[in-house]
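One structure is given below, encoded as structure tokens.
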Amino acid sequence: MKTKVMKAIGSLPEDEEVMKEAGRIIKSGGLVAVPTETVYGLAGNALDPSSSKKIYAAKGRPSDNPLIVHIADIDDLPVIARDIPEKAYSLAETFWPGPLTMVLKKTKAVPPETTGGLDTVAVRMPSDRIAHEFIKLCCPFMAAPSANASGRPSCTKASHVTEDLDGKIELVIDGGEVGIGLESTIVDLTGEKPCLLRPGFISKTDLEKVIGPVDIDPAVYNKNRPDIRPKAPGMKYRHYAPKGQLTIIEGPEENVISYISEECQKAGNKGLKCAVLAVSEDITRYNDILTIDMGSRADLRQISHNLFSALRKCDEEGAQLIFSGSFGSKGLGEAIMNRLLKAAGNRVKKV
Ligand code: TXA
Ligand code: MG
């Protein structure tokens, strides 16, 4: 199959041709990669089991890992979710459209192929204008996992998608770079108390301001406890991984910089190629080492925006050993560290 790439800007009539082509592909059961405000998604019709099967096949994703269903209109929610609690409507009112996914009980309209056999469905309403247009015009119930090959870093621009899925899907809609760069926050509303399953741009505190206390799935923090099974099945897999070995170095800034410098020197002597994911402020402090600029320490939005791109850059550069400092645990730092630790297979060195 030849994968087409078409540019869109998120407004009509300029995008009419793209949307026509995308609509034709979805109708015939094919797959289209679509930008959203978080990461690019690999879209198919969520109500069509064969389309969901194709998504799993294209990504090489285990079929027990359910897909998020994206909508553009709150009136469509009861088509796919039932017994919707009041808290879900409060969250939707505050955070939709936006980077929040809610797990709710599913209706029969959603086939088990889309939910990995679960009786629940994860739902999100994206705010990106191209995603919104696409859902409205082409695919009112858009099943879309992140558009990377399974295990690879998520895609924050169209070229990342073609890197992973060229020849496996019909169309990539190129909307340029996404804004946030990390996948949505996931909150489960099917239990007694709401429970955070995946940290993201919207923090636990943000959620609690609207619906009161929220639990955190213990699997989010107990990274080295294989006995604790995450409630979001996808969180159990190694993820976001660059090809080189990533280690996170934690400690006072001076110690971190000198440890990384020494390790890179030693590795270089052995003929190994190293890369450092560094904040802008520290770039000039690494001499003769390949550094990838993650943005300013003072602005975690820049770091989240650049994270997946930086991990892919390490692969492009052929880095065999990769080092990164830590980004704390407050606000967006929590979501950044969640992805970074996964990418590192939880390899952390304290200095
Ligand atoms: O920002 C995002 O959420 C992006 C964009 C494209 O919307 N999508 C995304 O999808 O990150 P994906 O498939 O890469 O991650 C979805 C996560 C997985 O960990 C999956 O296990 C979990 O959501 N999930 C989906 N349905 C679920 C359900 N019914 N119950 C619990 N977890 C669920
Ligand atoms: Mg993903």
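By order in the structure tokens, chains are A, B, ...; within a chain, residues start at 1; ligands start at 1, following the order shown.
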Wanna dump the chain A-ligand 1 contacts at 7 Å for me, each residue with its shortest atom pair and the distance in Å to one decimal, counting only C-alpha atoms and all ligand atoms, ordered by chain and number, as a Markdown table?
| residue | atom | partner | partner_atom_place_in_ligand_line | distance |
| --- | --- | --- | --- | --- |
| A:Thr36 | CA | ligand 1 | 6 (C) | 6.2 |
| A:Thr38 | CA | ligand 1 | 1 (O) | 4.8 |
| A:Val39 | CA | ligand 1 | 5 (C) | 5.4 |
| A:Tyr40 | CA | ligand 1 | 6 (C) | 5.3 |
| A:Gly41 | CA | ligand 1 | 6 (C) | 3.5 |
| A:Leu42 | CA | ligand 1 | 6 (C) | 6.8 |
| A:Asn65 | CA | ligand 1 | 21 (O) | 4.8 |
| A:Pro66 | CA | ligand 1 | 25 (C) | 4.3 |
| A:Leu67 | CA | ligand 1 | 25 (C) | 4.7 |
| A:Ile68 | CA | ligand 1 | 25 (C) | 4.9 |
| A:Pro99 | CA | ligand 1 | 1 (O) | 6.1 |
| A:Thr101 | CA | ligand 1 | 3 (O) | 6.5 |
| A:Val103 | CA | ligand 1 | 29 (N) | 5.5 |
| A:Thr115 | CA | ligand 1 | 29 (N) | 5.7 |
| A:Leu118 | CA | ligand 1 | 29 (N) | 6.1 |
| A:Thr120 | CA | ligand 1 | 29 (N) | 4.4 |
| A:Val121 | CA | ligand 1 | 29 (N) | 4.0 |
| A:Ala122 | CA | ligand 1 | 26 (N) | 4.3 |
| A:Arg124 | CA | ligand 1 | 7 (O) | 7.0 |
| A:Pro126 | CA | ligand 1 | 7 (O) | 6.9 |
| A:Ala144 | CA | ligand 1 | 6 (C) | 5.3 |
| A:Pro145 | CA | ligand 1 | 13 (O) | 3.3 |
| A:Ser146 | CA | ligand 1 | 14 (O) | 4.0 |
| A:Ala147 | CA | ligand 1 | 6 (C) | 6.9 |
| A:Leu182 | CA | ligand 1 | 1 (O) | 6.7 |
| A:Glu183 | CA | ligand 1 | 1 (O) | 3.4 |
| A:Ser184 | CA | ligand 1 | 1 (O) | 3.7 |
| A:Ile186 | CA | ligand 1 | 23 (O) | 6.9 |
| A:Lys231 | CA | ligand 1 | 31 (C) | 5.5 |
| A:Ala232 | CA | ligand 1 | 32 (N) | 3.3 |
| A:Pro233 | CA | ligand 1 | 21 (O) | 3.9 |
| A:Gly234 | CA | ligand 1 | 19 (O) | 3.2 |
| A:Met235 | CA | ligand 1 | 19 (O) | 4.8 |
Next item on the list: Write out as a list in words which residues come within 9 Å of Arg312 of chain A when counting only C-alpha atoms, dropping same-chain ones fewer than 3 positions away.
Entry: Arg152, Pro153, His160, Ala241, Pro242, Lys243, Leu307, Phe308, Ser309, Asp315, Glu316 and Glu317 of chain A
As a short mmCIF file (atom, residue, chain, number, x, y, z; two decimals) with all heavy atoms, in the first residue's frame, please: the residues near Ser90 of chain A (cut-off 10 Å, only C-alpha atoms, same-chain neighbours under 5 positions excluded).
data_model
loop_
_atom_site.label_atom_id
_atom_site.label_comp_id
_atom_site.auth_asym_id
_atom_site.auth_seq_id
_atom_site.Cartn_x
_atom_site.Cartn_y
_atom_site.Cartn_z
N PRO A 85 -21.83 9.05 34.95
CA PRO A 85 -22.00 9.77 36.22
C PRO A 85 -21.94 11.29 36.01
O PRO A 85 -21.37 11.77 35.04
CB PRO A 85 -20.81 9.30 37.06
CG PRO A 85 -19.80 8.81 36.10
CD PRO A 85 -20.53 8.38 34.86
N PHE A 95 -13.08 20.47 30.83
CA PHE A 95 -11.84 20.13 30.10
C PHE A 95 -12.04 19.72 28.64
O PHE A 95 -11.06 19.49 27.94
CB PHE A 95 -11.08 19.03 30.84
CG PHE A 95 -10.65 19.43 32.22
CD1 PHE A 95 -11.22 18.83 33.35
CD2 PHE A 95 -9.69 20.42 32.41
CE1 PHE A 95 -10.83 19.19 34.63
CE2 PHE A 95 -9.29 20.79 33.68
CZ PHE A 95 -9.86 20.18 34.79
N TRP A 96 -13.26 19.53 28.19
CA TRP A 96 -13.50 19.18 26.79
C TRP A 96 -13.95 20.39 26.01
O TRP A 96 -14.71 21.19 26.55
CB TRP A 96 -14.58 18.11 26.68
CG TRP A 96 -14.07 16.71 26.92
CD1 TRP A 96 -12.80 16.34 27.25
CD2 TRP A 96 -14.84 15.50 26.84
NE1 TRP A 96 -12.74 14.97 27.39
CE2 TRP A 96 -13.97 14.44 27.14
CE3 TRP A 96 -16.18 15.22 26.55
CZ2 TRP A 96 -14.40 13.10 27.15
CZ3 TRP A 96 -16.60 13.91 26.55
CH2 TRP A 96 -15.70 12.86 26.86
N LEU A 207 -8.09 18.04 38.20
CA LEU A 207 -9.30 17.20 38.24
C LEU A 207 -10.02 17.38 39.58
O LEU A 207 -11.25 17.52 39.63
CB LEU A 207 -8.95 15.72 38.05
CG LEU A 207 -8.29 15.32 36.73
CD1 LEU A 207 -7.86 13.85 36.78
CD2 LEU A 207 -9.25 15.53 35.55
N VAL A 210 -12.48 20.10 40.28
CA VAL A 210 -13.82 19.97 39.68
C VAL A 210 -14.65 18.88 40.32
O VAL A 210 -15.85 19.05 40.55
CB VAL A 210 -13.69 19.70 38.15
CG1 VAL A 210 -15.06 19.60 37.50
CG2 VAL A 210 -12.84 20.77 37.49
N ILE A 211 -14.02 17.71 40.64
CA ILE A 211 -14.85 16.58 41.10
C ILE A 211 -14.47 16.06 42.49
O ILE A 211 -14.95 15.01 42.91
CB ILE A 211 -14.79 15.40 40.10
CG1 ILE A 211 -13.34 15.00 39.81
CG2 ILE A 211 -15.55 15.74 38.82
CD1 ILE A 211 -13.21 13.69 39.04
#
Among segment 32-279 of chain A, which residues carry a DSSP assignment of helix (DSSP H, G or I), reported as a PDB file with C-alpha atoms, in the first residue's frame?
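To be explicit, this is the file written out as result-v5.pdb:
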ATOM      1  CA  PRO A  49     -14.560  -4.204  14.474  1.00  0.00           C
ATOM      2  CA  SER A  50     -12.558  -4.776  11.299  1.00  0.00           C
ATOM      3  CA  SER A  51     -11.241  -1.229  11.367  1.00  0.00           C
ATOM      4  CA  SER A  52     -10.036  -1.687  14.970  1.00  0.00           C
ATOM      5  CA  LYS A  53      -8.323  -4.947  13.980  1.00  0.00           C
ATOM      6  CA  LYS A  54      -6.498  -3.064  11.236  1.00  0.00           C
ATOM      7  CA  ILE A  55      -5.300  -0.468  13.753  1.00  0.00           C
ATOM      8  CA  TYR A  56      -3.770  -3.185  15.947  1.00  0.00           C
ATOM      9  CA  ALA A  57      -2.127  -4.793  12.936  1.00  0.00           C
ATOM     10  CA  ALA A  58      -0.663  -1.539  11.563  1.00  0.00           C
ATOM     11  CA  LYS A  59       0.852  -0.594  14.946  1.00  0.00           C
ATOM     12  CA  ILE A  74     -21.152  15.782  23.758  1.00  0.00           C
ATOM     13  CA  ASP A  75     -24.540  14.540  22.459  1.00  0.00           C
ATOM     14  CA  ASP A  76     -22.693  11.578  20.944  1.00  0.00           C
ATOM     15  CA  LEU A  77     -21.424  10.423  24.352  1.00  0.00           C
ATOM     16  CA  PRO A  78     -24.511   8.318  25.280  1.00  0.00           C
ATOM     17  CA  VAL A  79     -24.160   6.398  21.999  1.00  0.00           C
ATOM     18  CA  ILE A  80     -20.979   4.778  23.297  1.00  0.00           C
ATOM     19  CA  GLU A  86     -22.584  13.464  36.895  1.00  0.00           C
ATOM     20  CA  LYS A  87     -18.838  13.866  37.501  1.00  0.00           C
ATOM     21  CA  ALA A  88     -18.154  12.918  33.887  1.00  0.00           C
ATOM     22  CA  TYR A  89     -20.356  15.764  32.690  1.00  0.00           C
ATOM     23  CA  SER A  90     -18.650  18.188  35.094  1.00  0.00           C
ATOM     24  CA  LEU A  91     -15.218  17.160  33.783  1.00  0.00           C
ATOM     25  CA  ALA A  92     -16.419  17.356  30.176  1.00  0.00           C
ATOM     26  CA  GLU A  93     -17.746  20.837  30.766  1.00  0.00           C
ATOM     27  CA  THR A  94     -14.419  21.997  32.193  1.00  0.00           C
ATOM     28  CA  PHE A  95     -11.841  20.132  30.105  1.00  0.00           C
ATOM     29  CA  ARG A 129      -9.083  21.946  14.821  1.00  0.00           C
ATOM     30  CA  ILE A 130      -8.020  19.364  12.257  1.00  0.00           C
ATOM     31  CA  ALA A 131      -9.005  16.497  14.565  1.00  0.00           C
ATOM     32  CA  HIS A 132     -12.344  18.191  15.214  1.00  0.00           C
ATOM     33  CA  GLU A 133     -12.991  18.690  11.505  1.00  0.00           C
ATOM     34  CA  PHE A 134     -12.031  15.086  10.750  1.00  0.00           C
ATOM     35  CA  ILE A 135     -14.320  13.650  13.443  1.00  0.00           C
ATOM     36  CA  LYS A 136     -17.231  15.873  12.389  1.00  0.00           C
ATOM     37  CA  LEU A 137     -16.940  15.210   8.682  1.00  0.00           C
ATOM     38  CA  CYS A 138     -15.371  11.770   8.350  1.00  0.00           C
ATOM     39  CA  ALA A 158       3.724  13.862  10.488  1.00  0.00           C
ATOM     40  CA  SER A 159       7.233  12.683   9.584  1.00  0.00           C
ATOM     41  CA  HIS A 160       7.302  10.586  12.780  1.00  0.00           C
ATOM     42  CA  VAL A 161       4.186   8.796  11.543  1.00  0.00           C
ATOM     43  CA  THR A 162       5.648   7.989   8.137  1.00  0.00           C
ATOM     44  CA  GLU A 163       8.853   6.829   9.844  1.00  0.00           C
ATOM     45  CA  ASP A 164       6.811   4.172  11.692  1.00  0.00           C
ATOM     46  CA  LEU A 165       3.810   3.400   9.492  1.00  0.00           C
ATOM     47  CA  LYS A 204      -4.703  15.331  39.418  1.00  0.00           C
ATOM     48  CA  THR A 205      -5.088  18.682  41.207  1.00  0.00           C
ATOM     49  CA  ASP A 206      -6.865  20.134  38.150  1.00  0.00           C
ATOM     50  CA  LEU A 207      -9.302  17.202  38.242  1.00  0.00           C
ATOM     51  CA  GLU A 208      -9.821  17.459  42.003  1.00  0.00           C
ATOM     52  CA  LYS A 209     -10.820  21.116  41.727  1.00  0.00           C
ATOM     53  CA  VAL A 210     -13.816  19.971  39.676  1.00  0.00           C
ATOM     54  CA  ILE A 211     -14.846  16.584  41.101  1.00  0.00           C
ATOM     55  CA  PRO A 218      -0.927   2.295  42.232  1.00  0.00           C
ATOM     56  CA  ALA A 219       0.690   1.012  39.027  1.00  0.00           C
ATOM     57  CA  VAL A 220       1.486   4.600  37.979  1.00  0.00           C
ATOM     58  CA  PRO A 233      -3.748  -2.127  29.995  1.00  0.00           C
ATOM     59  CA  GLY A 234      -1.374  -0.092  27.798  1.00  0.00           C
ATOM     60  CA  MET A 235       0.559   1.134  30.830  1.00  0.00           C
ATOM     61  CA  LYS A 236       2.025  -2.328  31.423  1.00  0.00           C
ATOM     62  CA  GLU A 253      22.438  19.723  39.190  1.00  0.00           C
ATOM     63  CA  GLU A 254      26.229  19.926  39.522  1.00  0.00           C
ATOM     64  CA  ASN A 255      26.497  16.219  40.321  1.00  0.00           C
ATOM     65  CA  VAL A 256      24.214  15.294  37.436  1.00  0.00           C
ATOM     66  CA  ILE A 257      26.224  17.264  34.887  1.00  0.00           C
ATOM     67  CA  SER A 258      29.587  15.969  36.048  1.00  0.00           C
ATOM     68  CA  TYR A 259      28.368  12.349  36.276  1.00  0.00           C
ATOM     69  CA  ILE A 260      26.907  12.448  32.769  1.00  0.00           C
ATOM     70  CA  SER A 261      30.054  14.110  31.394  1.00  0.00           C
ATOM     71  CA  GLU A 262      32.277  11.425  32.922  1.00  0.00           C
ATOM     72  CA  GLU A 263      30.074   8.569  31.738  1.00  0.00           C
ATOM     73  CA  CYS A 264      30.014   9.975  28.200  1.00  0.00           C
ATOM     74  CA  GLN A 265      33.769  10.311  28.242  1.00  0.00           C
ATOM     75  CA  LYS A 266      34.232   6.704  29.376  1.00  0.00           C
ATOM     76  CA  ALA A 267      31.735   5.426  26.826  1.00  0.00           C
ATOM     77  CA  GLY A 268      33.346   7.504  24.080  1.00  0.00           C
ATOM     78  CA  ASN A 269      36.697   5.893  24.889  1.00  0.00           C
TER      79      ASN A 269
END
Next item on the list: Can you pull out every residue within 8 Å of Val110 of chain A, counting only C-alpha atoms, but drop anything in the same chain fewer than 2 positions away, and send it as a VMD selection string?
Entry: chain A and resid 46 to 47 80 106 to 108 112 114 to 115 121
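Considering the residues A:Leu340, A:Val351, A:Val34, A:Leu300 and counting only C-alpha atoms, Leu277 of chain A has its shortest atom-to-atom contact with A:Leu340.
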For Ala22 of chain A, please output as a compact mmCIF listing (two decimals) with all heavy atoms, in the first residue's frame all residues within 12 Å (counting only C-alpha atoms; exclusion window: fewer than 5 positions along the same chain).
# COMPACT_ATOMS: atom_id res chain seq x y z
N LYS A 4 -0.31 8.00 1.49
CA LYS A 4 -0.36 9.37 1.00
C LYS A 4 -0.16 10.35 2.15
O LYS A 4 -0.60 10.05 3.28
CB LYS A 4 -1.80 9.60 0.48
CG LYS A 4 -1.90 10.10 -0.94
CD LYS A 4 -3.38 10.25 -1.24
CE LYS A 4 -3.60 10.87 -2.57
NZ LYS A 4 -5.02 11.04 -2.88
N VAL A 5 0.44 11.50 1.90
CA VAL A 5 0.52 12.54 2.93
C VAL A 5 -0.15 13.79 2.38
O VAL A 5 0.17 14.23 1.28
CB VAL A 5 1.99 12.87 3.30
CG1 VAL A 5 2.05 13.98 4.35
CG2 VAL A 5 2.72 11.62 3.80
N MET A 6 -1.13 14.33 3.11
CA MET A 6 -1.81 15.55 2.66
C MET A 6 -1.79 16.58 3.79
O MET A 6 -2.03 16.24 4.95
CB MET A 6 -3.27 15.25 2.26
CG MET A 6 -3.39 14.33 1.03
SD MET A 6 -5.12 13.87 0.72
CE MET A 6 -5.65 15.18 -0.36
N LYS A 7 -1.52 17.83 3.44
CA LYS A 7 -1.47 18.88 4.46
C LYS A 7 -2.87 19.42 4.76
O LYS A 7 -3.71 19.49 3.87
CB LYS A 7 -0.60 20.03 3.98
CG LYS A 7 0.89 19.72 4.07
CD LYS A 7 1.68 21.03 4.06
CE LYS A 7 3.16 20.85 3.83
NZ LYS A 7 3.90 20.03 4.73
N ALA A 8 -3.09 19.81 6.02
CA ALA A 8 -4.35 20.46 6.40
C ALA A 8 -4.03 21.60 7.36
O ALA A 8 -2.98 21.62 8.00
CB ALA A 8 -5.27 19.46 7.07
N ASP A 15 -9.43 22.82 3.63
CA ASP A 15 -9.15 21.40 3.88
C ASP A 15 -10.14 20.46 3.18
O ASP A 15 -10.14 19.25 3.43
CB ASP A 15 -9.21 21.11 5.39
CG ASP A 15 -8.09 21.79 6.16
OD1 ASP A 15 -7.10 22.20 5.53
OD2 ASP A 15 -8.21 21.91 7.40
N GLU A 16 -10.97 21.01 2.32
CA GLU A 16 -12.05 20.20 1.76
C GLU A 16 -11.55 18.94 1.05
O GLU A 16 -12.09 17.84 1.27
CB GLU A 16 -12.87 21.06 0.80
CG GLU A 16 -14.30 20.60 0.72
CD GLU A 16 -15.13 21.61 -0.05
OE1 GLU A 16 -15.33 22.72 0.47
OE2 GLU A 16 -15.53 21.27 -1.18
N GLU A 17 -10.52 19.10 0.22
CA GLU A 17 -9.98 17.96 -0.53
C GLU A 17 -9.47 16.87 0.41
O GLU A 17 -9.73 15.68 0.21
CB GLU A 17 -8.82 18.41 -1.44
CG GLU A 17 -9.28 19.04 -2.75
CD GLU A 17 -10.33 18.18 -3.46
OE1 GLU A 17 -10.02 17.01 -3.74
OE2 GLU A 17 -11.45 18.68 -3.72
N LYS A 27 -14.66 5.43 5.24
CA LYS A 27 -15.88 4.73 4.80
C LYS A 27 -15.55 3.34 4.25
O LYS A 27 -16.30 2.39 4.45
CB LYS A 27 -16.56 5.56 3.71
CG LYS A 27 -18.04 5.68 3.94
CD LYS A 27 -18.67 6.49 2.85
CE LYS A 27 -20.08 6.83 3.29
NZ LYS A 27 -20.60 7.93 2.51
N SER A 28 -14.41 3.25 3.57
CA SER A 28 -14.06 1.95 3.00
C SER A 28 -13.27 1.09 3.99
O SER A 28 -12.71 0.06 3.63
CB SER A 28 -13.28 2.14 1.70
OG SER A 28 -12.03 2.73 2.01
N GLY A 29 -13.23 1.54 5.26
CA GLY A 29 -12.61 0.71 6.32
C GLY A 29 -11.12 0.90 6.48
O GLY A 29 -10.46 0.13 7.16
N GLY A 30 -10.56 1.96 5.86
CA GLY A 30 -9.12 2.19 5.94
C GLY A 30 -8.72 3.05 7.13
O GLY A 30 -9.55 3.42 7.96
N LEU A 31 -7.43 3.37 7.21
CA LEU A 31 -6.88 4.10 8.36
C LEU A 31 -6.22 5.42 7.95
O LEU A 31 -5.56 5.50 6.92
CB LEU A 31 -5.83 3.25 9.08
CG LEU A 31 -6.25 1.85 9.54
CD1 LEU A 31 -5.08 1.18 10.26
CD2 LEU A 31 -7.48 1.91 10.45
N VAL A 32 -6.40 6.43 8.80
CA VAL A 32 -5.86 7.77 8.53
C VAL A 32 -5.16 8.28 9.79
O VAL A 32 -5.75 8.25 10.88
CB VAL A 32 -7.02 8.74 8.17
CG1 VAL A 32 -6.48 10.15 7.95
CG2 VAL A 32 -7.78 8.26 6.94
N ALA A 33 -3.93 8.74 9.67
CA ALA A 33 -3.26 9.37 10.83
C ALA A 33 -3.66 10.84 10.88
O ALA A 33 -3.64 11.54 9.86
CB ALA A 33 -1.76 9.23 10.73
N VAL A 34 -4.05 11.29 12.08
CA VAL A 34 -4.63 12.62 12.27
C VAL A 34 -3.93 13.34 13.42
O VAL A 34 -3.73 12.75 14.48
CB VAL A 34 -6.14 12.47 12.65
CG1 VAL A 34 -6.81 13.81 12.83
CG2 VAL A 34 -6.88 11.64 11.62
N ALA A 43 -6.31 6.85 13.16
CA ALA A 43 -7.77 6.82 13.24
C ALA A 43 -8.43 5.77 12.35
O ALA A 43 -8.04 5.55 11.21
CB ALA A 43 -8.31 8.20 12.87
N GLY A 44 -9.45 5.14 12.93
CA GLY A 44 -10.35 4.27 12.20
C GLY A 44 -11.72 4.38 12.83
O GLY A 44 -11.87 5.02 13.88
N ASN A 45 -12.72 3.76 12.21
CA ASN A 45 -14.07 3.82 12.75
C ASN A 45 -14.19 2.90 13.97
O ASN A 45 -14.10 1.68 13.86
CB ASN A 45 -15.04 3.38 11.64
CG ASN A 45 -16.47 3.33 12.12
OD1 ASN A 45 -16.77 3.64 13.28
ND2 ASN A 45 -17.37 2.93 11.24
N ILE A 130 -8.00 20.37 13.33
CA ILE A 130 -8.02 19.36 12.26
C ILE A 130 -8.71 18.09 12.76
O ILE A 130 -9.54 17.50 12.07
CB ILE A 130 -6.59 19.05 11.76
CG1 ILE A 130 -5.95 20.32 11.20
CG2 ILE A 130 -6.61 17.95 10.72
CD1 ILE A 130 -4.47 20.18 10.85
N ALA A 131 -8.37 17.69 13.99
CA ALA A 131 -9.01 16.50 14.56
C ALA A 131 -10.52 16.70 14.64
O ALA A 131 -11.31 15.82 14.27
CB ALA A 131 -8.44 16.21 15.95
N GLU A 133 -12.45 18.71 12.87
CA GLU A 133 -12.99 18.69 11.50
C GLU A 133 -13.13 17.25 11.00
O GLU A 133 -14.16 16.85 10.45
CB GLU A 133 -11.94 19.38 10.63
CG GLU A 133 -12.41 20.17 9.46
CD GLU A 133 -11.21 20.99 8.92
OE1 GLU A 133 -10.25 20.38 8.44
OE2 GLU A 133 -11.26 22.23 9.00
N PHE A 134 -12.06 16.47 11.22
CA PHE A 134 -12.03 15.09 10.75
C PHE A 134 -13.14 14.26 11.41
O PHE A 134 -13.86 13.51 10.75
CB PHE A 134 -10.65 14.48 11.05
CG PHE A 134 -10.55 13.02 10.75
CD1 PHE A 134 -10.30 12.56 9.46
CD2 PHE A 134 -10.72 12.07 11.76
CE1 PHE A 134 -10.21 11.20 9.18
CE2 PHE A 134 -10.63 10.71 11.49
CZ PHE A 134 -10.37 10.28 10.21
N ILE A 135 -13.29 14.43 12.73
CA ILE A 135 -14.32 13.65 13.44
C ILE A 135 -15.71 14.06 12.94
O ILE A 135 -16.54 13.21 12.61
CB ILE A 135 -14.21 13.85 14.97
CG1 ILE A 135 -12.87 13.32 15.47
CG2 ILE A 135 -15.35 13.17 15.70
CD1 ILE A 135 -12.52 13.70 16.90
N LYS A 136 -15.92 15.36 12.85
CA LYS A 136 -17.23 15.87 12.39
C LYS A 136 -17.60 15.37 10.99
O LYS A 136 -18.71 14.92 10.74
CB LYS A 136 -17.18 17.41 12.33
CG LYS A 136 -17.54 18.06 13.64
CD LYS A 136 -19.01 18.35 13.62
CE LYS A 136 -19.47 19.09 14.85
NZ LYS A 136 -20.81 18.77 15.26
N LEU A 137 -16.62 15.46 10.09
CA LEU A 137 -16.94 15.21 8.68
C LEU A 137 -16.72 13.76 8.24
O LEU A 137 -17.37 13.29 7.31
CB LEU A 137 -16.08 16.11 7.78
CG LEU A 137 -16.27 17.61 7.95
CD1 LEU A 137 -15.24 18.36 7.11
CD2 LEU A 137 -17.68 18.02 7.56
N CYS A 138 -15.78 13.07 8.89
CA CYS A 138 -15.37 11.77 8.35
C CYS A 138 -15.63 10.59 9.28
O CYS A 138 -15.78 9.47 8.82
CB CYS A 138 -13.88 11.76 8.03
SG CYS A 138 -13.29 13.17 7.11
N CYS A 139 -15.63 10.83 10.60
CA CYS A 139 -15.53 9.69 11.50
C CYS A 139 -16.03 10.07 12.89
O CYS A 139 -15.24 10.36 13.79
CB CYS A 139 -14.04 9.29 11.55
SG CYS A 139 -13.69 7.70 12.30
N ILE A 169 -0.63 2.28 6.23
CA ILE A 169 -1.91 2.99 6.36
C ILE A 169 -2.14 3.82 5.09
O ILE A 169 -1.20 4.08 4.35
CB ILE A 169 -1.94 3.91 7.62
CG1 ILE A 169 -0.87 5.01 7.52
CG2 ILE A 169 -1.71 3.09 8.87
CD1 ILE A 169 -0.92 6.01 8.67
N GLU A 170 -3.38 4.21 4.87
CA GLU A 170 -3.72 4.87 3.61
C GLU A 170 -3.27 6.33 3.55
O GLU A 170 -2.81 6.80 2.51
CB GLU A 170 -5.24 4.81 3.37
CG GLU A 170 -5.75 3.47 2.83
CD GLU A 170 -5.88 2.40 3.90
OE1 GLU A 170 -5.60 2.68 5.09
OE2 GLU A 170 -6.27 1.26 3.55
N LEU A 171 -3.45 7.06 4.67
CA LEU A 171 -3.24 8.52 4.60
C LEU A 171 -2.69 9.08 5.91
O LEU A 171 -3.08 8.65 7.00
CB LEU A 171 -4.60 9.18 4.29
CG LEU A 171 -4.67 10.71 4.30
CD1 LEU A 171 -3.84 11.34 3.18
CD2 LEU A 171 -6.13 11.17 4.18
N VAL A 172 -1.79 10.05 5.78
CA VAL A 172 -1.35 10.84 6.95
C VAL A 172 -1.81 12.27 6.69
O VAL A 172 -1.47 12.85 5.65
CB VAL A 172 0.18 10.83 7.11
CG1 VAL A 172 0.60 11.70 8.29
CG2 VAL A 172 0.71 9.40 7.27
N ILE A 173 -2.59 12.83 7.59
CA ILE A 173 -2.93 14.25 7.49
C ILE A 173 -1.85 15.03 8.23
O ILE A 173 -1.67 14.87 9.45
CB ILE A 173 -4.32 14.56 8.08
CG1 ILE A 173 -5.39 13.74 7.35
CG2 ILE A 173 -4.63 16.06 7.97
CD1 ILE A 173 -6.81 14.00 7.83
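Among the candidates A:Cys195, A:Ile202, A:Leu272, A:Leu100, the residue lying nearest to Lys330 of chain A is A:Ile202 (atoms considered: only C-alpha atoms).
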Notebook entry, point to check: Per DSSP on the backbone, what are the strand (DSSP E) residues of segment 95-196 of chain A, as JSON, numbers by chain?
Noted result: {"A": [100, 101, 102, 103, 104, 105, 106, 120, 121, 122, 123, 124, 142, 143, 171, 172, 173, 174, 185, 186, 187, 188, 195, 196]}
